[in-house]
Each structure stands twice: as structure tokens, then as C-alpha cells.
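What follows is a short report on a single structure.
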Amino acid sequence: MADLDPLIRFRKHELDEKQKFLARLYEEANKLLQQREAILSSVEKEMDVMRGEEFQPFMAISGFGTFLQSSKEKIKKIEHEEKKLDTRIEIAVTDMRNSFGELKKVEITQARRLEEERKKLQAKEDALFEEIGLQIYAKNKE
């Protein structure tokens, strides 16, 4: 029977690479979340300025409307990117689970093969010692 250790090492390496890829996807999702939070924070700051005493409505209202509209568009783009990224994350998680399952199957097969080989060797060893014991018994009886 073939040794499965190289295949196990390959599957582990493959799984590690998929975990690294998934980690990068989560980092990307975190960056998008931070971008959205930054936009919302800047909108809140602008609103606070508008509520302030030094607010000059005739100059700021048209600018604030444009700013608010562009902020909404940016948030929509980020949300769209987040949805695409969520899909990629789901696919990567599924792929990683499948790879993990394949790795475990190979490891279980290898463990069963090793156990079978151990049993064969143990049976051979037992037979050899039994034969030696019988020979010693036969010599001592003579």
C-alpha cells in the first residue's frame, strides 16, 4: 500500500493556504466596514457643525446636500462590495470545509492502513515467537 504522508502534507499545505486566503478576505471585509464607519462619522461631524452657533445656512446647505448625496453613494458602493465579499467568503469557507474533510479522510485512511500493518507485524511476530518457543520446548523435552 502506498504511503499517504506526502498526500497528507500536501492537503495540510492546501488547507493552510485556504485559511490564509480566508483571513485576507476577512481583513478586506474589516477595511470596508471601517470605510463605511469613517463616512458615517464624517456625516455626523458635518451635522454637528450645522447645529453649531457659527453655522451660516445660506452657504452650507447646498454644500451639505451634495456632501450627503456623495456620502450615500459611497456607502452604497461599499455595501455592494461587502455583499460581493460576503459571497466570496461563503465560497471560501465551504471550500475550506471540503478541503478539511478530504484531509481527514486521507488521515483516517492512513491511520487504518498503519493499524492494519501493525496487526500484520504483530501476528508475524507472535507466530515467530511461538515457533521459537515450540522449538525450545521440543529441545528441552528431548
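By order in the C-alpha cells, chains are A, B, ...; within a chain, residues start at 1; ligands start at 1, following the order shown.
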
For Ala23 of chain A: contacts at 12 Å, only C-alpha atoms, fewer than 4 positions along chain excluded, given as a VMD selection string: chain A and resid 16 to 19 27 to 30 88 to 89 92 to 93 96

Who sits within 12 Å of segment 68-75 of chain A, only C-alpha atoms, same chain under 5 positions skipped, as a PyMOL selection string: chain A and resi 32-47+60-63+80-82

Counting only C-alpha atoms, figure out which residue out of A:Ile78, A:Ile136, A:Leu103, A:Leu22 gets nearest to Arg9 of chain A.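 Among the listed residues, A:Leu103 lies closest to Arg9 of chain A.
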
Which residues come within 12 Å of Glu90 of chain A, counting only C-alpha atoms, excluding same-chain residues fewer than 5 positions away, as number ranges by chain? A: 22, 25-26, 83-85, 95-97

Could you work out how far atom CA of Phe67 of chain A lies from atom CA of Glu79 of chain A, giving the answer in Å with one decimal?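 Interatomic distance here is 18.2 Å.
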